[in-house]
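Colleague: Contents of query.tsv (TSV, C-alpha atoms) are below:
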```tsv
chain	number	residue	atom	x	y	z
A	15	MET	CA	139.46	107.64	75.94
A	16	THR	CA	141.50	108.33	79.08
A	17	PHE	CA	143.07	111.66	80.03
A	18	LYS	CA	146.50	110.13	79.36
A	19	GLU	CA	145.46	109.10	75.85
A	20	ILE	CA	144.20	112.61	75.14
A	21	GLN	CA	147.50	114.05	76.36
A	22	GLU	CA	149.28	111.64	74.04
A	23	LEU	CA	147.13	112.83	71.12
A	24	ILE	CA	147.92	116.46	71.87
A	25	LYS	CA	151.63	115.66	72.11
A	26	LEU	CA	151.50	113.90	68.73
A	27	VAL	CA	149.79	116.82	67.03
A	28	GLY	CA	152.29	119.21	68.65
A	29	LYS	CA	155.22	117.27	67.20
A	30	SER	CA	153.66	117.05	63.74
A	31	ASN	CA	153.18	119.58	60.97
A	32	LEU	CA	149.44	119.37	61.34
A	33	THR	CA	147.80	122.70	62.07
A	34	GLU	CA	144.32	121.72	63.14
A	35	VAL	CA	142.74	118.35	63.92
A	36	LYS	CA	139.20	117.57	64.99
A	37	LEU	CA	138.32	114.15	66.32
A	38	LYS	CA	134.77	112.99	66.96
A	39	LYS	CA	134.08	109.76	68.88
A	40	LYS	CA	130.94	108.35	70.43
A	41	ASP	CA	131.27	110.07	73.81
A	42	PHE	CA	133.44	113.10	73.15
A	43	GLU	CA	134.79	115.56	70.62
A	44	ILE	CA	138.17	117.22	70.65
A	45	SER	CA	139.62	119.97	68.49
A	46	ILE	CA	143.35	120.65	68.62
A	47	ARG	CA	144.98	123.69	67.03
A	48	THR	CA	148.69	124.30	67.07
A	49	LYS	CA	150.68	127.56	66.99
A	50	LYS	CA	151.29	126.80	63.31
A	51	TYR	CA	147.55	127.15	62.72
A	52	ARG	CA	147.58	130.78	63.85
A	53	LYS	CA	150.70	131.46	61.79
A	54	ASN	CA	149.04	130.03	58.69
A	55	MET	CA	145.93	132.06	59.25
A	56	GLN	CA	148.05	135.21	59.49
A	57	GLN	CA	149.79	134.28	56.25
A	58	VAL	CA	146.45	133.83	54.57
A	59	MET	CA	145.22	137.17	55.88
A	60	SER	CA	148.31	139.06	54.75
A	61	THR	CA	148.35	137.56	51.28
A	62	THR	CA	144.73	138.09	50.38
A	63	THR	CA	145.45	139.94	47.13
A	64	PRO	CA	147.81	137.38	45.57
A	65	MET	CA	145.44	134.63	46.68
A	66	VAL	CA	142.68	136.16	44.62
A	67	SER	CA	144.80	136.36	41.49
A	68	MET	CA	145.88	132.75	42.02
A	69	ALA	CA	142.27	131.71	42.20
A	70	ALA	CA	141.58	133.34	38.85
A	71	ALA	CA	144.17	131.14	37.13
A	72	PRO	CA	144.42	128.13	39.40
A	73	GLN	CA	146.35	125.54	37.42
A	74	VAL	CA	147.91	127.33	34.48
A	75	ALA	CA	150.66	129.07	36.42
A	76	SER	CA	152.02	126.07	38.22
A	77	ALA	CA	151.09	123.05	36.13
A	78	PRO	CA	153.96	120.69	35.19
A	79	PRO	CA	154.98	120.81	31.50
A	80	ALA	CA	153.27	117.53	30.76
A	81	ALA	CA	149.95	118.93	31.89
A	82	LYS	CA	150.07	122.10	29.80
A	83	ALA	CA	148.34	120.80	26.71
A	84	GLU	CA	145.56	119.57	28.96
A	85	VAL	CA	145.28	122.83	30.84
A	86	ALA	CA	145.05	124.87	27.67
A	87	GLN	CA	141.61	123.39	27.09
A	88	PRO	CA	140.48	122.37	30.53
A	89	SER	CA	136.81	122.07	29.76
A	90	ALA	CA	137.19	119.89	26.65
A	91	PRO	CA	133.88	118.10	27.00
A	92	ALA	CA	133.69	114.33	27.17
A	93	VAL	CA	130.44	114.55	25.24
A	94	GLU	CA	129.90	115.03	21.54
A	95	VAL	CA	126.75	115.40	19.52
A	96	ASP	CA	126.02	112.61	17.07
A	97	SER	CA	124.52	114.64	14.24
A	98	THR	CA	122.74	111.76	12.55
A	99	ALA	CA	120.51	110.73	15.40
A	100	ASN	CA	120.85	113.70	17.74
A	101	LEU	CA	122.33	111.40	20.33
A	102	ILE	CA	125.09	112.47	22.68
A	103	GLU	CA	128.07	110.27	23.47
A	104	ILE	CA	129.51	109.82	26.94
A	105	LYS	CA	133.18	108.93	26.45
A	106	SER	CA	135.87	107.48	28.66
A	107	PRO	CA	138.29	110.15	29.92
A	108	ILE	CA	140.98	107.53	30.51
A	109	VAL	CA	142.31	104.12	29.45
A	110	GLY	CA	141.07	101.47	31.84
A	111	THR	CA	138.45	98.85	32.65
A	112	PHE	CA	134.76	99.74	32.38
A	113	TYR	CA	132.42	98.75	35.21
A	114	ARG	CA	128.67	99.27	35.16
A	115	SER	CA	128.22	98.84	38.92
A	116	SER	CA	130.23	99.42	42.10
A	117	SER	CA	130.51	95.67	42.77
A	118	PRO	CA	129.29	92.51	41.04
A	119	ASP	CA	126.27	92.14	43.36
A	120	LYS	CA	125.13	95.76	42.97
A	121	PRO	CA	122.75	97.06	40.28
A	122	ALA	CA	124.13	98.93	37.27
A	123	PHE	CA	124.49	102.71	37.67
A	124	ALA	CA	122.74	103.33	34.36
A	125	LYS	CA	120.65	100.99	32.20
A	126	VAL	CA	119.04	101.51	28.80
A	127	GLY	CA	115.90	103.57	29.33
A	128	ASP	CA	117.17	105.23	32.53
A	129	THR	CA	117.06	108.99	32.73
A	130	VAL	CA	120.31	110.55	33.90
A	131	ALA	CA	120.86	114.08	35.19
A	132	VAL	CA	124.04	116.16	35.15
A	133	GLY	CA	126.27	114.86	37.96
A	134	ASP	CA	124.77	111.38	38.10
A	135	VAL	CA	127.35	108.59	38.17
A	136	VAL	CA	126.93	106.41	35.08
A	137	CYS	CA	129.87	104.01	35.42
A	138	ILE	CA	133.33	103.35	36.84
A	139	VAL	CA	136.52	103.22	34.81
A	140	GLU	CA	139.33	101.56	36.75
A	141	ALA	CA	142.93	102.34	35.88
A	142	MET	CA	145.85	100.94	37.86
A	143	LYS	CA	143.46	100.12	40.68
A	144	LEU	CA	142.18	103.68	40.99
A	145	PHE	CA	138.43	103.60	40.58
A	146	ASN	CA	137.09	106.59	38.70
A	147	GLU	CA	133.40	107.34	39.06
A	148	ILE	CA	132.30	108.93	35.80
A	149	GLU	CA	129.59	111.57	36.20
A	150	SER	CA	127.30	112.46	33.35
A	151	GLU	CA	127.83	115.98	32.05
A	152	ILE	CA	124.49	115.95	30.28
A	153	SER	CA	120.93	115.02	31.08
A	154	GLY	CA	118.83	112.67	29.00
A	155	LYS	CA	117.82	109.08	28.50
A	156	ILE	CA	120.34	106.24	28.07
A	157	VAL	CA	119.73	104.79	24.60
A	158	LYS	CA	122.62	102.37	24.36
A	159	VAL	CA	125.41	100.99	26.54
A	160	MET	CA	128.38	100.67	24.21
A	161	CYS	CA	130.71	98.49	26.32
A	162	GLU	CA	130.50	95.17	28.12
A	163	ASP	CA	130.81	95.19	31.89
A	164	ALA	CA	134.43	94.62	33.03
A	165	SER	CA	135.84	95.13	29.53
A	166	PRO	CA	138.88	97.25	28.66
A	167	VAL	CA	138.21	100.74	27.25
A	168	GLU	CA	140.42	103.20	25.42
A	169	TYR	CA	140.77	106.92	25.94
A	170	ASP	CA	137.77	108.69	24.32
A	171	GLN	CA	135.98	105.42	23.64
A	172	VAL	CA	132.20	105.85	23.61
A	173	LEU	CA	130.60	104.33	26.71
A	174	PHE	CA	126.97	105.41	26.43
A	175	LEU	CA	124.64	107.00	23.88
A	176	VAL	CA	122.24	109.46	25.45
A	177	ASP	CA	119.14	111.06	23.96
A	178	PRO	CA	119.11	114.60	25.38
A	179	LYS	CA	115.39	114.96	24.61
A	180	GLY	CA	114.59	111.69	26.37
B	18	MET	CA	150.70	127.13	46.51
B	19	ILE	CA	149.72	124.94	49.43
B	20	ARG	CA	146.09	124.94	50.45
B	21	ARG	CA	145.46	124.69	54.17
B	22	PHE	CA	142.69	122.58	55.60
B	23	THR	CA	141.63	120.97	58.82
B	24	TRP	CA	141.74	117.24	59.36
B	25	ASP	CA	138.25	116.51	60.56
B	26	ILE	CA	138.13	112.94	61.88
B	27	VAL	CA	134.86	111.18	62.61
B	28	TYR	CA	135.05	107.76	64.26
B	29	HIS	CA	132.40	105.05	63.84
B	30	GLU	CA	132.50	101.86	65.90
B	31	SER	CA	131.51	99.68	62.98
B	32	LEU	CA	130.81	100.33	59.29
B	33	ASP	CA	130.23	98.40	56.08
B	34	SER	CA	133.16	100.19	54.57
B	35	THR	CA	134.68	103.62	55.23
B	36	ASN	CA	134.95	104.28	51.49
B	37	SER	CA	131.25	103.52	50.91
B	38	LEU	CA	130.17	105.90	53.68
B	39	MET	CA	132.53	108.61	52.45
B	40	TYR	CA	131.18	108.17	48.93
B	41	ASP	CA	127.58	108.48	50.16
B	42	GLU	CA	128.39	111.59	52.20
B	43	VAL	CA	130.19	113.25	49.29
B	44	SER	CA	127.31	112.39	46.95
B	45	LYS	CA	124.88	114.06	49.33
B	46	ASP	CA	126.99	117.15	49.98
B	47	LYS	CA	129.34	118.20	47.19
B	48	SER	CA	130.54	121.18	49.25
B	49	ILE	CA	132.25	118.90	51.78
B	50	SER	CA	135.82	120.02	52.61
B	51	GLU	CA	138.98	118.10	51.95
B	52	GLY	CA	140.62	116.72	55.06
B	53	TYR	CA	137.44	114.98	56.15
B	54	VAL	CA	138.36	111.57	57.56
B	55	ILE	CA	136.11	108.63	58.38
B	56	GLN	CA	137.67	106.12	60.76
B	57	THR	CA	136.19	102.88	61.99
B	58	GLY	CA	137.10	100.17	64.46
B	59	TYR	CA	135.59	97.41	62.38
B	60	GLN	CA	134.56	96.94	58.77
B	61	THR	CA	131.86	94.41	57.97
B	62	SER	CA	132.54	94.48	54.24
B	63	GLY	CA	135.73	96.43	53.73
B	64	ARG	CA	136.52	96.62	50.08
B	65	GLY	CA	139.67	95.65	48.31
B	66	GLN	CA	139.44	95.76	44.56
B	67	ILE	CA	135.94	95.23	43.20
B	68	GLY	CA	134.52	92.09	44.78
B	69	ASN	CA	137.37	91.43	47.23
B	70	VAL	CA	136.97	91.86	50.98
B	71	TRP	CA	139.47	93.45	53.36
B	72	GLU	CA	139.51	91.53	56.61
B	73	SER	CA	139.84	93.35	59.89
B	74	LYS	CA	138.97	92.58	63.50
B	75	ALA	CA	137.39	95.13	65.87
B	76	ASP	CA	139.60	98.08	66.89
B	77	GLN	CA	142.76	96.19	66.04
B	78	ASN	CA	143.69	97.97	62.88
B	79	LEU	CA	143.80	101.40	61.33
B	80	LEU	CA	140.87	101.66	58.94
B	81	CYS	CA	140.01	104.99	57.42
B	82	SER	CA	139.01	106.92	54.35
B	83	ILE	CA	140.46	110.34	53.69
B	84	LEU	CA	138.88	112.93	51.41
B	85	LEU	CA	141.21	114.96	49.18
B	86	LYS	CA	140.65	117.44	46.37
B	87	PRO	CA	143.93	117.14	44.51
B	88	GLU	CA	143.21	119.51	41.57
B	89	ILE	CA	144.74	117.31	38.93
B	90	THR	CA	143.44	115.92	35.67
B	91	VAL	CA	142.56	112.24	35.46
B	92	ASP	CA	145.60	111.43	33.29
B	93	HIS	CA	147.75	112.31	36.34
B	94	GLN	CA	145.65	110.30	38.79
B	95	PHE	CA	148.31	107.70	39.61
B	96	VAL	CA	150.30	110.29	41.56
B	97	ILE	CA	147.60	110.10	44.26
B	98	SER	CA	148.31	106.42	44.69
B	99	LYS	CA	152.03	107.22	44.87
B	100	ILE	CA	151.79	109.81	47.65
B	101	VAL	CA	149.56	107.58	49.75
B	102	CYS	CA	151.99	104.65	49.39
B	103	LEU	CA	154.93	106.89	50.27
B	104	ALA	CA	153.16	108.22	53.38
B	105	ILE	CA	152.55	104.67	54.66
B	106	VAL	CA	156.12	103.56	53.96
B	107	ASP	CA	157.43	106.65	55.75
B	108	LEU	CA	155.18	105.96	58.73
B	109	LEU	CA	156.38	102.34	59.01
B	110	ASN	CA	160.00	103.45	58.76
B	111	ASP	CA	159.35	105.74	61.73
B	112	TYR	CA	158.21	102.70	63.69
B	113	ASP	CA	161.53	101.00	62.92
B	114	ILE	CA	160.20	98.69	60.25
B	115	ASP	CA	162.79	98.29	57.52
B	116	ASP	CA	162.38	96.51	54.22
B	117	VAL	CA	159.07	98.21	53.50
B	118	ARG	CA	158.24	98.14	49.82
B	119	ILE	CA	155.40	99.16	47.53
B	120	LYS	CA	153.93	96.21	45.71
B	121	TRP	CA	152.57	97.87	42.60
B	122	PRO	CA	150.05	99.22	42.23
B	123	ASN	CA	149.05	99.90	45.82
B	124	ASP	CA	149.87	97.32	48.46
B	125	ILE	CA	152.45	97.87	51.13
B	126	TYR	CA	154.71	94.93	51.87
B	127	VAL	CA	157.23	94.19	54.58
B	128	ARG	CA	159.57	91.72	52.92
B	129	ASP	CA	157.09	89.22	51.39
B	130	LYS	CA	154.08	90.03	53.57
B	131	LYS	CA	151.27	92.51	53.13
B	132	ILE	CA	150.80	95.02	55.95
B	133	ALA	CA	148.59	97.62	54.28
B	134	GLY	CA	146.23	98.03	51.38
B	135	ILE	CA	144.86	101.09	49.67
B	136	LEU	CA	141.67	101.62	47.72
B	137	ILE	CA	141.25	104.91	45.92
B	138	GLN	CA	137.99	106.11	44.40
B	139	ASN	CA	137.98	109.29	42.36
B	140	ILE	CA	134.94	111.30	41.45
B	141	LEU	CA	135.56	112.95	38.11
B	142	GLN	CA	134.06	116.05	36.60
B	143	GLY	CA	134.93	115.90	32.93
B	144	LYS	CA	138.66	115.23	32.98
B	145	LYS	CA	139.27	116.76	36.38
B	146	VAL	CA	139.51	114.77	39.60
B	147	LYS	CA	136.93	116.53	41.75
B	148	PHE	CA	137.27	114.31	44.81
B	149	SER	CA	139.65	111.55	45.74
B	150	ILE	CA	138.50	109.11	48.41
B	151	VAL	CA	141.57	107.41	49.83
B	152	GLY	CA	140.75	104.22	51.73
B	153	ILE	CA	143.54	102.76	53.85
B	154	GLY	CA	143.69	99.53	55.84
B	155	LEU	CA	146.83	99.12	57.93
B	156	ASN	CA	147.24	95.98	60.05
B	157	LEU	CA	148.25	97.05	63.56
B	158	ASN	CA	147.49	94.68	66.43
B	159	GLN	CA	145.91	91.71	64.72
B	160	ASP	CA	147.60	88.38	65.53
B	161	ILE	CA	145.40	85.94	63.69
B	162	PHE	CA	144.12	86.24	60.16
B	163	ASP	CA	141.30	83.83	59.41
B	164	SER	CA	140.68	84.31	55.74
B	165	ASN	CA	142.81	83.14	52.88
B	166	ALA	CA	144.15	86.64	52.16
B	167	PRO	CA	147.70	86.21	50.91
B	168	ASN	CA	150.56	86.66	53.39
B	169	PRO	CA	149.16	89.14	55.91
B	170	ILE	CA	151.32	90.66	58.65
B	171	SER	CA	150.66	93.28	61.31
B	172	LEU	CA	152.83	95.84	63.07
B	173	LYS	CA	152.42	93.87	66.30
B	174	LEU	CA	153.60	90.64	64.69
B	175	LEU	CA	156.70	92.51	63.55
B	176	VAL	CA	157.64	94.39	66.72
B	177	ASN	CA	155.62	92.60	69.42
B	178	LYS	CA	154.00	95.79	70.66
B	179	LYS	CA	150.44	97.09	70.53
B	180	TYR	CA	149.54	100.40	68.97
B	181	ASN	CA	146.64	102.81	69.37
B	182	PRO	CA	144.88	103.25	66.00
B	183	ASP	CA	144.00	106.90	66.84
B	184	HIS	CA	147.66	107.77	67.32
B	185	LEU	CA	148.70	105.98	64.17
B	186	LEU	CA	146.04	107.86	62.23
B	187	LEU	CA	147.47	111.21	63.32
B	188	VAL	CA	150.96	110.15	62.30
B	189	LEU	CA	149.60	108.90	58.99
B	190	LEU	CA	147.81	112.20	58.31
B	191	ASP	CA	151.00	114.09	59.12
B	192	LYS	CA	152.95	111.95	56.65
B	193	LEU	CA	150.25	112.20	54.01
B	194	LEU	CA	150.18	115.99	54.37
B	195	GLU	CA	153.93	116.09	53.76
B	196	PHE	CA	153.62	114.25	50.44
B	197	TYR	CA	150.36	115.97	49.50
B	198	ASN	CA	152.17	119.29	49.88
B	199	LYS	CA	154.89	118.02	47.55
B	200	LEU	CA	152.18	117.26	45.01
B	201	GLN	CA	150.64	120.70	45.40
B	202	LEU	CA	154.09	122.29	44.99
B	203	LYS	CA	154.49	120.18	41.81
B	204	LYS	CA	157.51	118.31	43.16
B	205	ILE	CA	156.48	115.40	40.98
B	206	SER	CA	159.95	114.12	40.11
B	207	GLU	CA	160.77	113.82	43.81
B	208	ILE	CA	157.62	111.73	44.32
B	209	ASP	CA	158.39	109.62	41.23
B	210	HIS	CA	161.96	108.92	42.36
B	211	LEU	CA	161.00	107.84	45.85
B	212	TYR	CA	158.22	105.62	44.54
B	213	LYS	CA	160.51	104.01	41.98
B	214	PHE	CA	163.19	103.16	44.53
B	215	LEU	CA	160.65	101.64	46.90
B	216	LEU	CA	159.07	99.32	44.33
B	217	TYR	CA	158.79	95.73	45.55
B	218	ARG	CA	161.13	93.42	43.65
B	219	ARG	CA	162.62	96.26	41.65
B	220	ASN	CA	165.73	95.14	39.75
B	221	GLN	CA	165.26	91.55	40.89
B	222	ARG	CA	164.69	88.88	38.31
B	223	SER	CA	161.23	87.54	39.19
B	224	SER	CA	158.46	85.42	37.82
B	225	PHE	CA	155.16	86.85	36.53
B	226	THR	CA	152.17	85.66	34.59
B	227	ASP	CA	150.55	87.70	31.85
B	228	ILE	CA	146.88	88.16	30.97
B	229	ASN	CA	146.84	84.77	29.17
B	230	ASP	CA	148.34	83.04	32.25
B	231	ILE	CA	151.63	82.55	30.46
B	232	SER	CA	154.54	82.84	32.86
B	233	PHE	CA	157.70	84.75	32.12
B	234	TYR	CA	160.71	86.20	33.87
B	235	GLY	CA	161.55	89.86	34.08
B	236	MET	CA	162.80	92.69	36.24
B	237	ILE	CA	160.63	95.52	37.47
B	238	LYS	CA	162.30	98.81	36.51
B	239	ASP	CA	159.80	101.61	37.12
B	240	VAL	CA	156.21	102.71	36.49
B	241	SER	CA	155.11	104.86	33.56
B	242	PRO	CA	153.53	108.29	34.19
B	243	SER	CA	150.08	106.75	33.81
B	244	GLY	CA	151.00	104.10	36.37
B	245	GLN	CA	151.76	101.05	34.20
B	246	LEU	CA	154.39	98.66	35.50
B	247	GLN	CA	157.53	98.63	33.35
B	248	ILE	CA	159.28	95.27	33.26
B	249	LEU	CA	162.51	94.44	31.51
B	250	THR	CA	161.88	91.10	29.80
B	251	ASP	CA	163.98	89.05	27.41
B	252	ASP	CA	162.20	90.97	24.64
B	253	GLY	CA	162.95	94.43	26.05
B	254	VAL	CA	160.94	96.69	28.35
B	255	LYS	CA	157.20	96.02	28.38
B	256	LYS	CA	154.41	97.98	30.07
B	257	PHE	CA	151.58	96.34	31.94
B	258	ALA	CA	148.32	97.71	33.27
B	259	PHE	CA	146.77	96.33	36.44
B	260	ARG	CA	144.99	93.05	35.54
B	261	GLU	CA	147.39	92.45	32.64
B	262	ILE	CA	149.98	90.95	34.96
B	263	LYS	CA	150.27	88.93	38.14
B	264	TYR	CA	153.22	88.45	40.45
B	265	VAL	CA	154.19	84.86	41.14
B	266	LEU	CA	154.83	85.05	44.88
```
What do you get writing this file as C-alpha cells?
Modeller:
Amino acid sequence: MTFKEIQELIKLVGKSNLTEVKLKKKDFEISIRTKKYRKNMQQVMSTTTPMVSMAAAPQVASAPPAAKAEVAQPSAPAVEVDSTANLIEIKSPIVGTFYRSSSPDKPAFAKVGDTVAVGDVVCIVEAMKLFNEIESEISGKIVKVMCEDASPVEYDQVLFLVDPKG
Amino acid sequence: MIRRFTWDIVYHESLDSTNSLMYDEVSKDKSISEGYVIQTGYQTSGRGQIGNVWESKADQNLLCSILLKPEITVDHQFVISKIVCLAIVDLLNDYDIDDVRIKWPNDIYVRDKKIAGILIQNILQGKKVKFSIVGIGLNLNQDIFDSNAPNPISLKLLVNKKYNPDHLLLVLLDKLLEFYNKLQLKKISEIDHLYKFLLYRRNQRSSFTDINDISFYGMIKDVSPSGQLQILTDDGVKKFAFREIKYVL
C-alpha cells in the first residue's frame, strides 16, 4: 500500500463515524483512532455505575414489546427429558429447513452413535437464508436423528434424541 | 445503549471462503470480539446458499465477513439481514448508483442485475443469537463474469471507474455501524420501513413460481417480522418462506 493510499484511508476514517479501525495486511499493520474514540472512552469512564446496572438486566429494559414474552423466560431450554426412555430431545428453536451438514459434500455434524458435548454444533436450521448453527446444550450420545436432511422443520420440532448417559 | 467496539480488519490474499475461516476462528475462540473482520482478495470457494458458489476474481471485489454479537433472540434474526442490506444500499447510493433495490431475502440489485450478495451464519445458544457472521460479496471492478451466475453487474460496469476494496470496506463498515446502532437502540420500525420501501419489485405485478413450480402473478407488499415475503395474489395476501417461492426474472 502506498503512502497516498494510507492517507486516503485515514481521511475516510476521519470523515466517518468509526472510532477505531485496525487493518492488518501481509506487509504492514495500521491502527487508526479518531477524536471520537477518546470521547467515547470518556463517556464510558464517566458512566461506569449505570453501565453496571445495565449489565445486570441487559435486554429486559430495552426490548421491543414483541420480544417481552421471550425475555421473560430467556433460558427456556430447547431440551426436554423424555421420561419413558430417559432420552433428551434437541428441538428446533425456529421454523426453517434442517441441514445435517454445512454443505452437501461435507460430513454430517452429528450421526447416530456420535457423542456430543455442550456447545458442539449438531445441525443447521436455515430460515430466510440465514443459516443458524444449532449447538447442543447437553452432552450425551445421539440415539436418533428425527428429521431428513434438507427437510422443513417447525418451531420446537424434535431434531435429535440424545442419551445423556451415553 | 450502544456498545462500542473496534473494527479489527485482517486481510488474506486468498481464502476458501471468509465465512468458513471466521466460523473456524469463532469455534476455536468463543471470546473473540465483535467487529472482527476477515477480508480477502480472492475466494476459491466463496459460498452463496448451501452448495452455490460466489464467483470473484483476485482483488477486484469487496469480499469480507464481519463478526457481530447482536443480542437478539433467534425469532428476530431477520433484522440482521435487513440492516446489512440497508448498509449496502446506502453505500451504493453514496457512489451515485440509483435504482438500488433489495431482492428478498438478501441480494442487492441495481435495476435487474445483481451487484452484491450476503450470506449470514448465526451461532445460537439456546434461543439467543450468540454470534452473527455476516459474509458480503460486492462486485467492484470485475468486467467479465465467466460463470452462469444470473445477471451480475459491478460498480465499475455501472460508473466506468475503478475502486479500492479497502476504501469501500471502510465505507461499508461505517454504514453498517449506523444501522447496527439503530438496531441496538431498538429503532426497529425505522429499519422495517426502509427495508420495505427498498424491496425489489415492490408494488409491481410480477410473475413467480411456487414450491410446486406453478407460476402465478402477484405484487410484493412487505416482509413479515420473521422475514417471509408477503405477496398480494388474486387470492389475497400470502406469505412465503425462502425456497417456497422463486422470482421469474
Colleague: Output as a tab-separated table one row per residue of chain B within 6 Å of chain A: the closest atom pair and its distance in Å to one decimal place, counting all atoms listed in the file, sorted by chain and residue number ascending.
Modeller:
```
residue	atom	partner	partner_atom	distance
B:Thr23	CA	A:Glu34	CA	5.1
B:Trp24	CA	A:Val35	CA	4.8
B:Asp25	CA	A:Lys36	CA	4.7
B:Ile26	CA	A:Leu37	CA	4.6
B:Val27	CA	A:Lys38	CA	4.7
B:Tyr28	CA	A:Lys39	CA	5.1
B:Ile67	CA	A:Ser117	CA	5.5
B:Gly68	CA	A:Ser117	CA	5.7
B:Ile137	CA	A:Leu144	CA	5.2
B:Gln138	CA	A:Phe145	CA	4.6
B:Asn139	CA	A:Asn146	CA	4.6
B:Ile140	CA	A:Glu147	CA	4.9
B:Leu141	CA	A:Ile148	CA	5.7
B:Lys144	CA	A:Pro107	CA	5.9
B:Asp191	CA	A:Leu32	CA	5.9
B:Phe259	CA	A:Met142	CA	4.9
```
Colleague: Would you tabulate, counting all atoms listed in the file, all residues of segment 72-141 of chain B that have an atom at most 7 Å from an atom of segment 170-181 of chain B, showing the closest pair of atoms and their distance in Å to one decimal, sorted by chain then ascending number, as JSON lines?
Modeller:
```
{"residue": "B:Lys130", "atom": "CA", "partner": "B:Ile170", "partner_atom": "CA", "distance": 5.8}
{"residue": "B:Lys131", "atom": "CA", "partner": "B:Ile170", "partner_atom": "CA", "distance": 5.8}
{"residue": "B:Ile132", "atom": "CA", "partner": "B:Ile170", "partner_atom": "CA", "distance": 5.2}
```
Colleague: Nearest to Asp76 of chain B: which of B:Leu32, B:Ile119, B:Val43, B:Val240 is it, counting all atoms listed in the file?
Modeller: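 Residue with the minimum atom-to-atom distance to Asp76 of chain B: B:Leu32.
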Colleague: If you measure from atom CA of Leu193 of chain B to atom CA of Thr90 of chain B, what distance in Å do you get, rounded to one decimal?
Modeller: 19.9 Å
Colleague: Around (147.2, 115.2, 49.9), as given in the file, which residues come within 8 Å? Count all atoms listed in the file and list them as number ranges by chain.
Modeller: B: 85-87, 97, 100-101, 193-198, 200-201
Colleague: Using only C-alpha atoms for the distances, tell me which of B:Leu108, B:Leu249, B:Ile262, B:Val117 is nearest to Ile231 of chain B.
Modeller: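 Closest to Ile231 of chain B, using only C-alpha atoms: B:Ile262.
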Colleague: Kindly indicate which residue among A:Ile152, A:Val130, A:Phe112, A:Phe42 lies nearest to Pro166 of chain A, using only C-alpha atoms for the distances.
Modeller: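 So, comparing all the options, the nearest one is A:Phe112.
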Colleague: Pick from B:Lys147, B:Lys204, B:Arg118, B:His184: nearest to Arg218 of chain B, with all atoms listed in the file counted?
Modeller: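 Between B:Lys147, B:Lys204, B:Arg118, B:His184, the residue approaching Arg218 of chain B most closely is B:Arg118.
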Colleague: Taking into account all atoms listed in the file, which residue in the set A:Val132, A:Met15, A:Leu175, A:Cys137 is nearest to Val159 of chain A?
Modeller: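 Smallest distance to Val159 of chain A is found for A:Leu175.
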Colleague: Which of these, B:Val54, B:Val188, B:Val146, B:Ile83, has the shortest distance to Tyr112 of chain B once you count only C-alpha atoms?
Modeller: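 Counting only C-alpha atoms, the residue closest to Tyr112 of chain B is B:Val188.
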Colleague: Which value, in Å to one decimal, gives the distance between atom CA of Ile156 of chain A and atom CA of Lys120 of chain A?
Modeller: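 That distance, rounded to one decimal, is 18.8 Å.
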Colleague: With only C-alpha atoms as the counted atoms, please give the residues lying no more than 8 Å from Gly134 of chain B, apart from itself and same-chain residues fewer than 2 positions off, as a list of chain:residue names.
Modeller: B:Gly65, B:Asn123, B:Asp124, B:Ile125, B:Lys131, B:Ile132, B:Leu136, B:Ile153, B:Gly154, B:Leu155
Colleague: Those residues you just picked out, can you put them in a file as a short mmCIF file (atom, residue, chain, number, x, y, z; two decimals), in the frame of the given file with C-alpha atoms?
Modeller:
```cif
data_model
loop_
_atom_site.label_atom_id
_atom_site.label_comp_id
_atom_site.auth_asym_id
_atom_site.auth_seq_id
_atom_site.Cartn_x
_atom_site.Cartn_y
_atom_site.Cartn_z
CA GLY B 65 139.67 95.65 48.31
CA ASN B 123 149.05 99.90 45.82
CA ASP B 124 149.87 97.32 48.46
CA ILE B 125 152.45 97.87 51.13
CA LYS B 131 151.27 92.51 53.13
CA ILE B 132 150.80 95.02 55.95
CA LEU B 136 141.67 101.62 47.72
CA ILE B 153 143.54 102.76 53.85
CA GLY B 154 143.69 99.53 55.84
CA LEU B 155 146.83 99.12 57.93
#
```
Colleague: If you measure from atom CA of Ile228 of chain B to atom CA of Ala164 of chain A, what distance in Å do you get, rounded to one decimal?
Modeller: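 Distance between the two atoms: 14.2 Å.
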Colleague: Can you list, as a list in words, every protein, DNA or RNA residue that comes within 7 Å of Thr35 of chain B when you count only C-alpha atoms, leaving out same-chain residues fewer than 3 positions away?
Modeller: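 Counting only the stated atoms, we get Leu32, Leu38, Met39, Ile55, Gln56, Thr57, Cys81 and Ser82 of chain B.
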